[in-house]
Each structure stands twice: as C-alpha cells, then as structure tokens.
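K.L.:
The structure file final.txt (compact mmCIF, C-alpha atoms) is provided below.
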# COMPACT_ATOMS: atom_id res chain seq x y z
CA MET O 1449 0.76 -16.36 -16.53
CA TYR O 1450 -0.45 -12.98 -17.72
CA ALA O 1451 -2.06 -10.03 -15.93
CA PHE O 1452 -4.20 -7.26 -17.41
CA VAL O 1453 -4.59 -4.26 -15.11
CA ASP O 1454 -6.88 -1.26 -14.80
CA GLU O 1455 -7.35 1.30 -12.06
CA THR O 1456 -9.74 4.00 -10.90
CA GLY O 1457 -9.73 6.79 -8.33
CA ASN O 1458 -6.57 8.54 -9.53
CA THR O 1459 -6.47 12.08 -8.18
CA GLY O 1460 -2.71 12.53 -8.50
CA GLY O 1461 -1.27 14.39 -5.54
CA ASN O 1462 -4.71 15.42 -4.25
CA LEU O 1463 -5.35 12.88 -1.50
CA PHE O 1464 -8.16 15.00 -0.09
CA ASP O 1465 -10.74 14.67 -2.85
CA GLU O 1466 -13.90 13.77 -0.89
CA ASP O 1467 -15.53 12.37 -4.03
CA GLN O 1468 -12.76 9.79 -4.53
CA PRO O 1469 -11.60 8.53 -1.11
CA LEU O 1470 -10.45 5.19 -2.59
CA PHE O 1471 -7.93 4.12 -5.20
CA LEU O 1472 -8.85 0.78 -6.73
CA THR O 1473 -6.92 -1.61 -8.96
CA ALA O 1474 -8.20 -4.75 -10.65
CA ALA O 1475 -6.29 -7.36 -12.62
CA LEU O 1476 -7.53 -10.17 -14.85
CA ILE O 1477 -5.07 -13.07 -14.57
CA THR O 1478 -4.87 -15.97 -17.02
CA ARG O 1479 -2.46 -18.79 -17.76
CA SER O 1480 -2.14 -17.78 -21.41
CA ASP O 1481 -2.25 -14.39 -23.12
CA PHE O 1482 -5.97 -13.53 -22.93
CA ASP O 1483 -5.57 -10.78 -25.52
CA ARG O 1484 -4.45 -13.35 -28.08
CA SER O 1485 -6.21 -16.54 -27.09
CA LYS O 1486 -9.65 -14.99 -26.55
CA ALA O 1487 -9.55 -12.08 -29.01
CA ARG O 1488 -11.95 -13.63 -31.53
CA GLN O 1489 -14.55 -14.58 -28.90
CA PHE O 1490 -14.26 -11.16 -27.29
CA ASP O 1491 -14.75 -9.41 -30.64
CA LYS O 1492 -17.90 -11.49 -31.21
CA ILE O 1493 -19.32 -10.33 -27.87
CA LEU O 1494 -18.72 -6.74 -28.94
CA ALA O 1495 -20.19 -7.28 -32.40
CA ASP O 1496 -23.33 -8.97 -31.04
CA ALA O 1497 -23.86 -6.00 -28.72
CA ASN O 1498 -22.99 -3.48 -31.46
CA LEU O 1499 -20.08 -2.12 -29.37
CA SER O 1500 -16.61 -0.98 -30.37
CA GLY O 1501 -15.20 -1.74 -26.93
CA ILE O 1502 -16.04 -2.10 -23.25
CA HIS O 1503 -15.79 1.14 -21.32
CA ALA O 1504 -17.85 0.51 -18.22
CA THR O 1505 -18.26 4.13 -17.18
CA GLU O 1506 -19.75 4.97 -20.57
CA LEU O 1507 -21.92 1.84 -20.77
CA GLY O 1508 -23.40 2.08 -17.30
CA VAL O 1509 -25.67 -0.60 -15.83
CA GLY O 1510 -27.92 -0.71 -18.87
CA GLY O 1511 -25.09 -1.30 -21.30
CA ILE O 1512 -23.21 -3.80 -19.14
CA GLU O 1513 -26.10 -6.12 -18.27
CA PRO O 1514 -26.58 -7.56 -21.80
CA ILE O 1515 -22.88 -8.45 -22.17
CA ALA O 1516 -22.26 -9.64 -18.59
CA GLY O 1517 -23.42 -13.20 -19.31
CA PRO O 1518 -21.28 -13.72 -22.44
CA VAL O 1519 -18.26 -12.18 -20.70
CA LEU O 1520 -18.76 -14.53 -17.75
CA LYS O 1521 -18.88 -17.52 -20.11
CA LEU O 1522 -15.66 -16.35 -21.75
CA LEU O 1523 -13.91 -15.93 -18.40
CA LYS O 1524 -14.94 -19.39 -17.27
CA ALA O 1525 -13.50 -20.82 -20.48
CA ALA O 1526 -10.25 -18.95 -19.78
CA ASP O 1527 -10.12 -20.28 -16.19
CA ALA O 1528 -9.62 -16.66 -15.15
CA ARG O 1529 -8.45 -15.40 -11.78
CA PHE O 1530 -8.51 -11.86 -10.42
CA PHE O 1531 -6.72 -9.52 -8.07
CA ILE O 1532 -8.40 -6.47 -6.55
CA SER O 1533 -6.61 -3.85 -4.45
CA ARG O 1534 -8.36 -1.22 -2.36
CA VAL O 1535 -6.28 1.69 -1.05
CA GLU O 1536 -7.99 4.08 1.35
CA LYS O 1537 -6.25 7.39 0.78
CA ARG O 1538 -6.68 8.57 4.36
CA TYR O 1539 -5.11 5.38 5.64
CA LEU O 1540 -2.25 5.81 3.20
CA LEU O 1541 -1.63 9.30 4.56
CA ALA O 1542 -1.77 8.01 8.15
CA THR O 1543 0.85 5.33 7.40
CA LYS O 1544 3.08 7.85 5.62
CA PHE O 1545 2.86 10.14 8.64
CA PHE O 1546 3.71 7.34 11.05
CA ASP O 1547 6.62 6.02 8.97
CA THR O 1548 8.04 9.53 8.62
CA PHE O 1549 8.01 10.49 12.29
CA PHE O 1550 8.15 7.16 14.16
CA ASP O 1551 10.74 5.04 12.32
CA SER O 1552 13.18 4.14 15.10
CA GLY O 1553 15.97 3.90 12.53
CA GLU O 1554 15.55 7.60 11.79
CA ASN O 1555 14.14 8.97 15.04
CA PRO O 1556 16.35 7.97 18.00
CA ALA O 1557 13.62 8.95 20.48
CA VAL O 1558 11.36 6.10 19.32
CA PRO O 1559 11.80 2.73 21.11
CA TRP O 1560 12.96 0.04 18.69
CA HIS O 1561 10.14 -2.39 19.50
CA ALA O 1562 7.41 0.24 19.12
CA TYR O 1563 8.19 0.46 15.41
CA ASN O 1564 9.74 -2.90 14.48
CA VAL O 1565 7.36 -5.35 16.17
CA ARG O 1566 4.43 -5.42 13.75
CA PRO O 1567 1.43 -5.61 16.12
CA LEU O 1568 2.92 -2.90 18.33
CA ARG O 1569 3.62 -0.75 15.26
CA LEU O 1570 0.09 -1.09 13.93
CA ILE O 1571 -1.53 -0.35 17.29
CA LEU O 1572 0.58 2.78 17.78
CA ALA O 1573 0.03 3.88 14.18
CA PHE O 1574 -3.74 3.70 14.64
CA LYS O 1575 -3.46 5.77 17.81
CA VAL O 1576 -1.28 8.38 16.11
CA ALA O 1577 -3.74 8.52 13.19
CA SER O 1578 -6.45 9.65 15.62
CA LEU O 1579 -4.35 12.78 16.31
CA VAL O 1580 -3.90 13.75 12.66
CA ASP O 1581 -6.70 16.18 11.89
CA GLU O 1582 -7.37 17.91 8.57
CA THR O 1583 -4.94 20.75 9.25
CA VAL O 1584 -2.09 18.40 10.17
CA ALA O 1585 -2.84 16.14 7.21
CA GLN O 1586 -2.69 19.05 4.77
CA LEU O 1587 0.56 20.36 6.29
CA PHE O 1588 2.16 16.92 6.25
CA TRP O 1589 1.25 16.24 2.62
CA LYS O 1590 2.54 19.67 1.68
CA MET O 1591 5.81 18.76 3.41
CA LEU O 1592 6.16 15.54 1.40
CA MET O 1593 5.37 17.26 -1.91
CA GLU O 1594 7.46 20.40 -1.25
CA ARG O 1595 10.17 20.97 -3.87
CA SER O 1596 12.39 22.92 -1.49
CA GLU O 1597 13.98 20.86 1.27
CA ALA O 1598 14.41 23.96 3.44
CA ARG O 1599 10.71 24.82 3.17
CA ALA O 1600 9.75 21.19 3.79
CA ARG O 1601 11.80 20.94 6.97
CA ALA O 1602 10.50 24.31 8.15
CA LEU O 1603 7.03 22.74 8.43
CA ILE O 1604 8.15 20.01 10.85
CA PRO O 1605 7.98 22.03 14.12
CA GLU O 1606 4.47 23.26 13.26
CA ILE O 1607 3.28 19.74 12.47
CA CYS O 1608 4.75 18.30 15.65
CA ALA O 1609 3.32 21.10 17.80
CA ALA O 1610 -0.15 20.61 16.32
CA VAL O 1611 -0.16 16.88 17.10
CA LEU O 1612 1.32 17.38 20.57
CA ALA O 1613 -1.50 19.79 21.34
CA ARG O 1614 -3.92 16.86 20.93
CA ILE O 1615 -1.87 14.32 22.88
CA ASP O 1616 -4.43 14.08 25.70
CA ARG O 1617 -6.76 12.28 23.26
CA LEU O 1618 -4.65 9.13 23.48
CA PRO O 1619 -6.20 6.61 25.87
CA ASP O 1620 -3.13 5.41 27.78
CA ALA O 1621 -0.13 6.97 29.46
CA ARG O 1622 2.48 4.83 27.68
CA SER O 1623 1.27 5.84 24.21
CA ARG O 1624 1.25 9.48 25.26
CA GLU O 1625 4.82 9.10 26.51
CA ILE O 1626 6.12 7.44 23.32
CA VAL O 1627 4.41 9.92 20.98
CA THR O 1628 5.45 12.92 23.08
CA ASP O 1629 9.11 11.86 23.21
CA ALA O 1630 9.19 11.18 19.47
CA LEU O 1631 7.56 14.41 18.35
CA GLN O 1632 9.36 16.64 20.81
CA TRP O 1633 12.68 15.27 19.59
CA THR O 1634 11.67 15.78 15.96
CA ARG O 1635 10.36 19.27 16.66
CA ASP O 1636 13.72 20.18 18.15
CA HIS O 1637 15.73 18.40 15.41
CA PRO O 1638 13.91 19.02 12.11
CA GLU O 1639 17.19 18.38 10.31
CA GLY O 1640 17.21 14.76 11.45
CA LEU O 1641 14.45 12.98 9.53
CA ASP O 1642 15.44 11.31 6.26
CA PHE O 1643 12.19 11.94 4.36
CA TYR O 1644 13.03 14.44 1.63
CA GLN O 1645 13.09 13.20 -1.96
CA THR O 1646 13.65 15.15 -5.15
CA GLY O 1647 12.03 14.64 -8.54
CA ARG O 1648 8.57 13.69 -9.69
CA GLU O 1649 9.32 9.96 -9.86
CA ALA O 1650 10.39 9.85 -6.22
CA LYS O 1651 7.38 11.85 -5.05
CA ASN O 1652 5.07 9.62 -7.09
CA GLY O 1653 6.21 6.84 -4.78
CA HIS O 1654 4.04 8.42 -2.08
CA MET O 1655 0.88 8.13 -4.18
CA PRO O 1656 -1.84 5.46 -3.91
CA ASN O 1657 -0.89 4.25 -7.40
CA SER O 1658 2.47 2.99 -6.14
CA VAL O 1659 0.99 1.29 -3.08
CA ALA O 1660 -1.67 -0.46 -5.16
CA PHE O 1661 0.91 -1.55 -7.72
CA THR O 1662 3.16 -3.00 -5.02
CA ASN O 1663 0.18 -4.91 -3.63
CA LEU O 1664 -0.56 -6.19 -7.13
CA LEU O 1665 2.99 -7.49 -7.59
CA GLU O 1666 2.77 -9.34 -4.27
CA GLY O 1667 -0.55 -10.87 -5.29
CA LEU O 1668 0.79 -11.98 -8.67
CA GLU O 1669 3.86 -13.50 -7.03
CA ALA O 1670 1.65 -15.45 -4.61
CA LEU O 1671 -0.49 -16.82 -7.45
CA SER O 1672 2.63 -17.58 -9.50
CA LYS O 1673 3.91 -19.80 -6.70
CA LYS O 1674 0.49 -21.45 -6.29
CA TRP O 1675 0.23 -22.21 -10.01
CA ASP O 1676 3.94 -22.96 -10.30
CA ARG O 1677 4.05 -20.72 -13.35
CA PRO O 1678 6.21 -17.63 -13.88
CA VAL O 1679 4.61 -14.27 -14.57
CA ARG O 1680 5.35 -13.52 -18.22
CA LEU O 1681 3.63 -10.19 -18.78
CA ILE O 1682 1.85 -7.44 -16.86
CA ARG O 1683 -0.15 -5.28 -19.28
CA HIS O 1684 -1.35 -2.04 -17.65
CA ASP O 1685 -3.87 0.48 -18.93
CA ARG O 1686 -2.29 3.64 -20.24
CA GLN O 1687 -2.23 6.65 -17.90
CA SER O 1688 0.58 9.05 -18.62
CA GLN O 1689 1.25 10.55 -15.18
CA PHE O 1690 2.50 7.33 -13.55
CA GLU O 1691 3.71 5.19 -16.44
CA ARG O 1692 7.41 5.77 -15.78
CA THR O 1693 6.92 5.34 -12.04
CA LEU O 1694 5.16 1.99 -12.40
CA ALA O 1695 7.78 0.75 -14.86
CA HIS O 1696 10.50 1.81 -12.40
CA TRP O 1697 8.82 0.01 -9.49
CA HIS O 1698 8.40 -3.12 -11.59
CA GLN O 1699 12.10 -3.06 -12.42
CA LEU O 1700 13.07 -2.60 -8.76
CA PHE O 1701 10.91 -5.40 -7.38
CA SER O 1702 11.46 -7.89 -10.20
CA ASN O 1703 15.24 -7.51 -9.82
CA ALA O 1704 15.45 -7.29 -6.02
CA LEU O 1705 17.42 -9.81 -3.99
CA PRO O 1706 15.42 -12.99 -3.27
CA ASP O 1707 16.59 -13.35 0.35
CA PRO O 1708 13.81 -13.19 2.98
CA ILE O 1709 13.91 -10.41 5.54
CA HIS O 1710 12.90 -11.65 8.99
CA LEU O 1711 11.27 -9.16 11.36
CA PRO O 1712 9.31 -9.77 14.57
CA GLY O 1713 5.89 -11.02 13.53
CA GLU O 1714 6.55 -10.97 9.77
CA THR O 1715 8.84 -12.18 7.01
CA ARG O 1716 9.17 -10.18 3.82
CA VAL O 1717 10.68 -10.94 0.42
CA LEU O 1718 11.29 -7.91 -1.77
CA ARG O 1719 11.68 -9.75 -5.07
CA GLN O 1720 8.37 -10.09 -6.91
CA VAL O 1721 7.51 -11.42 -10.40
CA PRO O 1722 11.15 -11.97 -11.50
CA GLY O 1723 11.69 -12.28 -15.22
CA SER O 1724 8.35 -10.69 -16.13
CA ASP O 1725 7.79 -7.91 -18.65
CA PHE O 1726 5.80 -4.76 -17.92
CA GLU O 1727 3.88 -3.10 -20.70
CA ILE O 1728 1.60 -0.08 -21.05
CA SER O 1729 -1.29 -0.45 -23.48
CA ALA O 1730 -4.34 1.56 -24.49
CA SER O 1731 -7.46 -0.32 -23.36
CA GLU O 1732 -8.93 -0.43 -26.87
CA HIS O 1733 -6.01 -2.67 -27.89
CA SER O 1734 -6.42 -5.07 -24.96
CA PRO O 1735 -9.54 -7.18 -24.30
CA GLY O 1736 -7.98 -8.16 -20.96
CA ILE O 1737 -7.74 -4.57 -19.77
CA GLN O 1738 -11.33 -3.96 -20.86
CA VAL O 1739 -12.48 -6.93 -18.78
CA ALA O 1740 -10.49 -5.60 -15.80
CA ASP O 1741 -12.20 -2.23 -16.30
CA LEU O 1742 -15.60 -3.94 -16.25
CA ILE O 1743 -14.87 -5.90 -13.06
CA LEU O 1744 -13.44 -2.80 -11.42
CA TRP O 1745 -16.53 -0.72 -12.25
CA LEU O 1746 -18.85 -3.37 -10.79
CA PHE O 1747 -16.68 -3.73 -7.67
CA LYS O 1748 -16.72 0.03 -7.10
CA ARG O 1749 -20.51 0.03 -7.49
CA PHE O 1750 -20.70 -2.79 -4.94
CA LEU O 1751 -18.59 -0.79 -2.45
CA GLU O 1752 -20.90 2.20 -2.92
CA GLY O 1753 -23.91 0.04 -2.05
CA LYS O 1754 -25.61 0.55 -5.40
CA ASP O 1755 -27.86 -1.98 -7.11
CA ILE O 1756 -26.25 -4.49 -9.48
CA PRO O 1757 -28.50 -6.36 -11.93
CA TYR O 1758 -28.65 -10.15 -12.01
CA GLU O 1759 -26.20 -11.01 -14.81
CA SER O 1760 -23.76 -8.32 -13.71
CA GLY O 1761 -24.02 -9.64 -10.16
CA ARG O 1762 -23.17 -13.16 -11.37
CA LEU O 1763 -20.11 -11.77 -13.16
CA LEU O 1764 -18.90 -9.86 -10.10
CA SER O 1765 -19.56 -12.87 -7.85
CA PHE O 1766 -17.42 -15.04 -10.13
CA ALA O 1767 -14.59 -12.51 -9.96
CA MET O 1768 -14.82 -12.21 -6.18
CA LYS O 1769 -14.87 -15.98 -5.63
CA ARG O 1770 -11.89 -16.46 -7.92
CA GLY O 1771 -9.99 -13.40 -6.80
CA MET O 1772 -7.50 -12.26 -4.22
CA GLN O 1773 -8.10 -9.01 -2.41
CA ASN O 1774 -5.78 -6.59 -0.67
CA ASP O 1775 -7.52 -4.07 1.55
CA PHE O 1776 -5.12 -1.27 2.51
CA SER O 1777 -7.53 0.61 4.75
CA PHE O 1778 -8.19 1.19 8.44
CA ASP O 1779 -10.82 -1.56 8.53
CA GLY O 1780 -8.91 -3.97 6.29
CA VAL O 1781 -5.62 -3.74 8.18
CA GLU O 1782 -7.37 -3.92 11.56
CA ASN O 1783 -9.25 -7.07 10.56
CA ALA O 1784 -6.08 -8.70 9.21
CA MET O 1785 -4.16 -7.82 12.38
CA LEU O 1786 -6.86 -9.23 14.66
CA GLU O 1787 -6.97 -12.40 12.59
CA GLN O 1788 -3.22 -12.87 12.94
CA PHE O 1789 -2.56 -11.50 16.44
CA GLY O 1790 -6.01 -11.38 18.07
CA ASP O 1791 -5.51 -14.34 20.41
CA ALA O 1792 -2.22 -12.96 21.73
CA LEU O 1793 -3.60 -9.43 22.11
CA ASN O 1794 -6.72 -10.57 23.96
CA SER O 1795 -5.05 -12.98 26.40
CA ASP O 1796 -3.31 -12.14 29.65
CA PRO O 1797 0.45 -12.80 29.65
CA SER O 1798 1.90 -15.24 32.14
CA PRO O 1799 4.08 -13.84 34.95
CA GLU O 1800 7.12 -15.25 33.15
CA HIS O 1801 6.22 -13.55 29.88
CA LEU O 1802 5.46 -10.32 31.68
CA GLU O 1803 8.84 -10.33 33.37
CA LYS O 1804 10.59 -11.07 30.08
CA ALA O 1805 8.68 -8.22 28.44
CA ARG O 1806 9.85 -5.83 31.17
CA GLU O 1807 13.45 -6.89 30.56
CA ILE O 1808 13.09 -6.31 26.81
CA GLN O 1809 11.47 -2.94 27.37
CA ALA O 1810 14.24 -1.89 29.74
CA HIS O 1811 16.85 -2.97 27.18
CA TYR O 1812 15.31 -0.94 24.38
CA GLU O 1813 14.71 2.04 26.62
CA GLN O 1814 18.41 2.14 27.40
CA LEU O 1815 19.18 1.77 23.68
CA ARG O 1816 16.83 4.67 22.96
CA LEU O 1817 18.60 6.90 25.48
CA ASP O 1818 21.98 5.85 24.09
CA ASN O 1819 20.86 6.71 20.54
CA ILE O 1820 19.66 10.15 21.61
CA ALA O 1821 22.95 10.86 23.36
CA ALA O 1822 24.93 9.52 20.40
CA TYR O 1823 23.07 11.81 17.96
CA ASP O 1824 24.06 14.79 20.10
CA ARG O 1825 27.69 13.71 19.68
CA ASP O 1826 27.91 12.65 16.02
CA GLY O 1827 24.69 13.81 14.33
CA LEU O 1828 24.01 10.34 12.90
CA MET O 1829 20.65 8.61 12.76
CA PRO O 1830 20.58 5.09 14.28
CA PHE O 1831 20.49 3.45 10.82
CA GLU O 1832 23.47 5.56 9.71
CA ARG O 1833 25.45 4.62 12.81
CA GLN O 1834 24.67 0.92 12.30
CA ALA O 1835 25.83 1.12 8.68
CA THR O 1836 29.01 2.89 9.73
CA SER O 1837 29.70 0.30 12.44
CA SER O 1838 29.15 -2.55 9.94
CA ARG O 1839 31.62 -1.02 7.49
CA LEU O 1840 34.24 -0.53 10.19
CA ALA O 1841 33.80 -4.09 11.39
CA SER O 1842 34.35 -5.47 7.89
CA ASP O 1843 37.47 -3.35 7.21
For this file, write the structure as structure tokens.
P.N.:
Amino acid sequence: MYAFVDETGNTGGNLFDEDQPLFLTAALITRSDFDRSKARQFDKILADANLSGIHATELGVGGIEPIAGPVLKLLKAADARFFISRVEKRYLLATKFFDTFFDSGENPAVPWHAYNVRPLRLILAFKVASLVDETVAQLFWKMLMERSEARARALIPEICAAVLARIDRLPDARSREIVTDALQWTRDHPEGLDFYQTGREAKNGHMPNSVAFTNLLEGLEALSKKWDRPVRLIRHDRQSQFERTLAHWHQLFSNALPDPIHLPGETRVLRQVPGSDFEISASEHSPGIQVADLILWLFKRFLEGKDIPYESGRLLSFAMKRGMQNDFSFDGVENAMLEQFGDALNSDPSPEHLEKAREIQAHYEQLRLDNIAAYDRDGLMPFERQATSSRLASD
C-alpha cells in the first residue's frame, strides 16, 4: 500500500499563532501507486479543467467545484482510503508541559500511578492544563526551545512558582497535593528534569509536525494490518524545515523493536510501517499529494464551519466515510477517554476495590517518599536508578 501526504497549519516554533491554532495532516492511501496507476486519468481531469495542477488554496471553492466530481470518480475507481490527523497546538503544549514536569520516572515527587495509569494521567493532565496561562505557556515553550541549558533550567523556578500561585483553582484536595508536591520539588531541584535537548532536529520533535507524523504512521500500520498488505511507500509533500526530522522519525519507528509494551490501561508497539520507504516530493510531481491537498483544504473548511458546495461536499463525505481520524485535542482525547474508561469512571467502586486501591496508593506513596530520599543521597532520577539496578543485577 502507498500513502500520499500533505499538511497545513505549519507555524514552525510559533505555537501561539491565533490564526492557525490547528496543524492538520491528510493522507491518500491506495493499494497500488496512485501516482503511476492513475496518472493518465488525473492528467485528463486537469486538461478538461484547463489546469496545470491542483492547489486548493489557489483554486478556492469556485475552482474546486467543477473538478470535485471527476476526482471523486477517480478515487472510487482507486478504492481509496484516507487518514486525517488534527493536532490542537494548545493541547500539544499542555501535554508537553505535563510530560516534562510530572513524569514519575524523572520527578521522584510524583506518585507512580498518577503518571503511568492512563486514565489517571489524562485526568491530572487536564487539570494541570487549566493552570497553564499565557505567561506560563510562553515561558515553558521558551524553555524547551532555549539553546543554552543553563538559561533553560533557570526558567524552571519561575514556571513552577507561577503555576503554584494558581493551585487553588484545582477542584479537589488530592490534585492540589500531587501538583504542589511535584512542582515544589522541581522548583527546588531544577537540575533534576531530563528535558534538555540540543540541535534543531531534536527540538523539531516538540513540534506539531512530529506528533501528526507519528499519528500518521500508527494509522498506516493499522490499515496495513487490516488489509494484510505492507506499506511500500510514504510520499510526503516537500517542506524544507522538517524534511530531515520526518525522515529521521520514519527511520526510528520503522526499525523499532516489535515487542509490545504493556502499561496499565494501554498496550503500545513502537514499530510502525516496517520495510517502507519514505520520500519527499514536490506536489506538482505527485497526483496523490495534490488529492491529499484537496481533501485537506475541504476538511479545514468544514472545521471552520464554512459552506461547501454540493460536489465538493460529496468528495469530502467520501473521504470522511472511508477515512481514519486522529484527533489530538482537548475534545478529541476527552471523548476517546470517556469512550474507553467512562463506565469505570462513572461507577462507584465496591468496598473491596476501594480497599485494594487504598493499599496500592499507600504502596506508591511510600515508593515516592523513598525516591525523594534516594535522590538526596545519590542524585539519580528514578529511571536512572532502575537502569543502574538492572545492570548490577545482570552483572
């Protein structure tokens, strides 16, 4: 199978552009190479419309409507599928903030279950996000992008103090306790967090482009298993700033170990699209990328609540019905969490379950206190101490 990818909403390191709050990616997916198998039919569509190519932003509604029907017919003949990823930049920043300060492997003051049990992690992350105002968000992003590690770490106490000043906004005492303990420890130990990365490629990993691309690889892998066909080629529209980063991420995920990682409430497999090739292409050389651009433009217009003419609406409806979507946003993640964990979250635990939960909480509270005391002795983060213990045990 083959994928042809386009994206929109790239603002580079500026996550605070109010005019582009979303980063969107769309992929046309076919069993054979669409650029080869459908090139002649695609060229005829262009010739009949007196076009040199499909660039949806330039064509607008008036230019797209006459070609929407022929494109739809072509896609039906190709038995096309689609993948659409929506990354809300504010949600991305909120997750980066939470992972930086509340990873129990790096912050010994965070209870293990608060970060590693998925529903608990998501609930706490949403609560923490409510404390991150514009000032904190700007400071935090500056910290991630800072070239000097010393200057980056110097911002940590100010960030922690600003969030702690808003702690009374959290609705329950336990959340206030967890967040206070975590941020007070980090404020007093800014040397502890393992967040600093050097080089443009590493810092690009924080951007929406990387998140959307990772979501795309997961979607392609899922469809590959469903079709029982390997992914042969991912052809991505050219955009110079992130080309090397996307190629690097493709190499990492396609060559990762295939073993599943089991965590409470989730199982993850890092290897995606093994054996596939990744290629950058200018859109004018790829009918598939031009179709992805067209679908992406219509989808963005749909999200903005703007009118879509009849034939264009039929085309978008076809793509939506035959597409997978990944919604990395506050609303999208909340809806997915409630769908998976809603029954458990909305039901009262039995006395037996409640007692077991108290035992587990007491266990991890003692582990938390032990980790804090151990850091004072050896200066190691919990994940570093575990790695050291594993090496010693194997020697």
K.L.:
Name all residues at most 12 Å from stretch 1707-1723 of chain O (count all atoms listed in the file; drop same-chain ones fewer than 2 positions away) and give them as JSON, numbers by chain.
P.N.:
{"O": [1449, 1450, 1451, 1560, 1561, 1562, 1563, 1564, 1565, 1566, 1567, 1568, 1569, 1570, 1661, 1662, 1663, 1664, 1665, 1666, 1667, 1668, 1669, 1670, 1671, 1672, 1673, 1677, 1678, 1679, 1680, 1681, 1682, 1697, 1698, 1699, 1700, 1701, 1702, 1703, 1704, 1705, 1725, 1726, 1785, 1788, 1789, 1792]}
K.L.:
What does the structure give for the distance between atom CA of O:Arg1770 and atom CA of O:Leu1742, in Å to one decimal?
P.N.:
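Straight-line distance from atom CA of O:Arg1770 to atom CA of O:Leu1742 works out to 15.5 Å.
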K.L.:
Could you check the closest approach to O:Arg1484 for each of O:Arg1601, O:Lys1769, O:His1733, O:Arg1816 and tell me which residue wins, using only C-alpha atoms?
P.N.:
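Checking each candidate against O:Arg1484, we get O:His1733 as the closest.
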K.L.:
To one decimal place, how far is atom CA of O:His1684 from atom CA of O:Ile1728 in Å?
P.N.:
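According to the coordinates, atom CA of O:His1684 and atom CA of O:Ile1728 are separated by 4.9 Å.
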K.L.:
In Å to one decimal, how far is atom CA of O:Lys1537 from atom CA of O:Phe1750?
P.N.:
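Answer for the atom CA of O:Phe1750 to atom CA of O:Lys1537 separation: 18.6 Å.
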K.L.:
Quick one: everything within 7 Å of O:Gly1553, counting all atoms listed in the file, minus sequence neighbours fewer than 3 positions away in the same chain. Send it as a list in words.
P.N.:
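Residues meeting the cut-off are Pro1556, Met1829, Pro1830 and Phe1831 of chain O.
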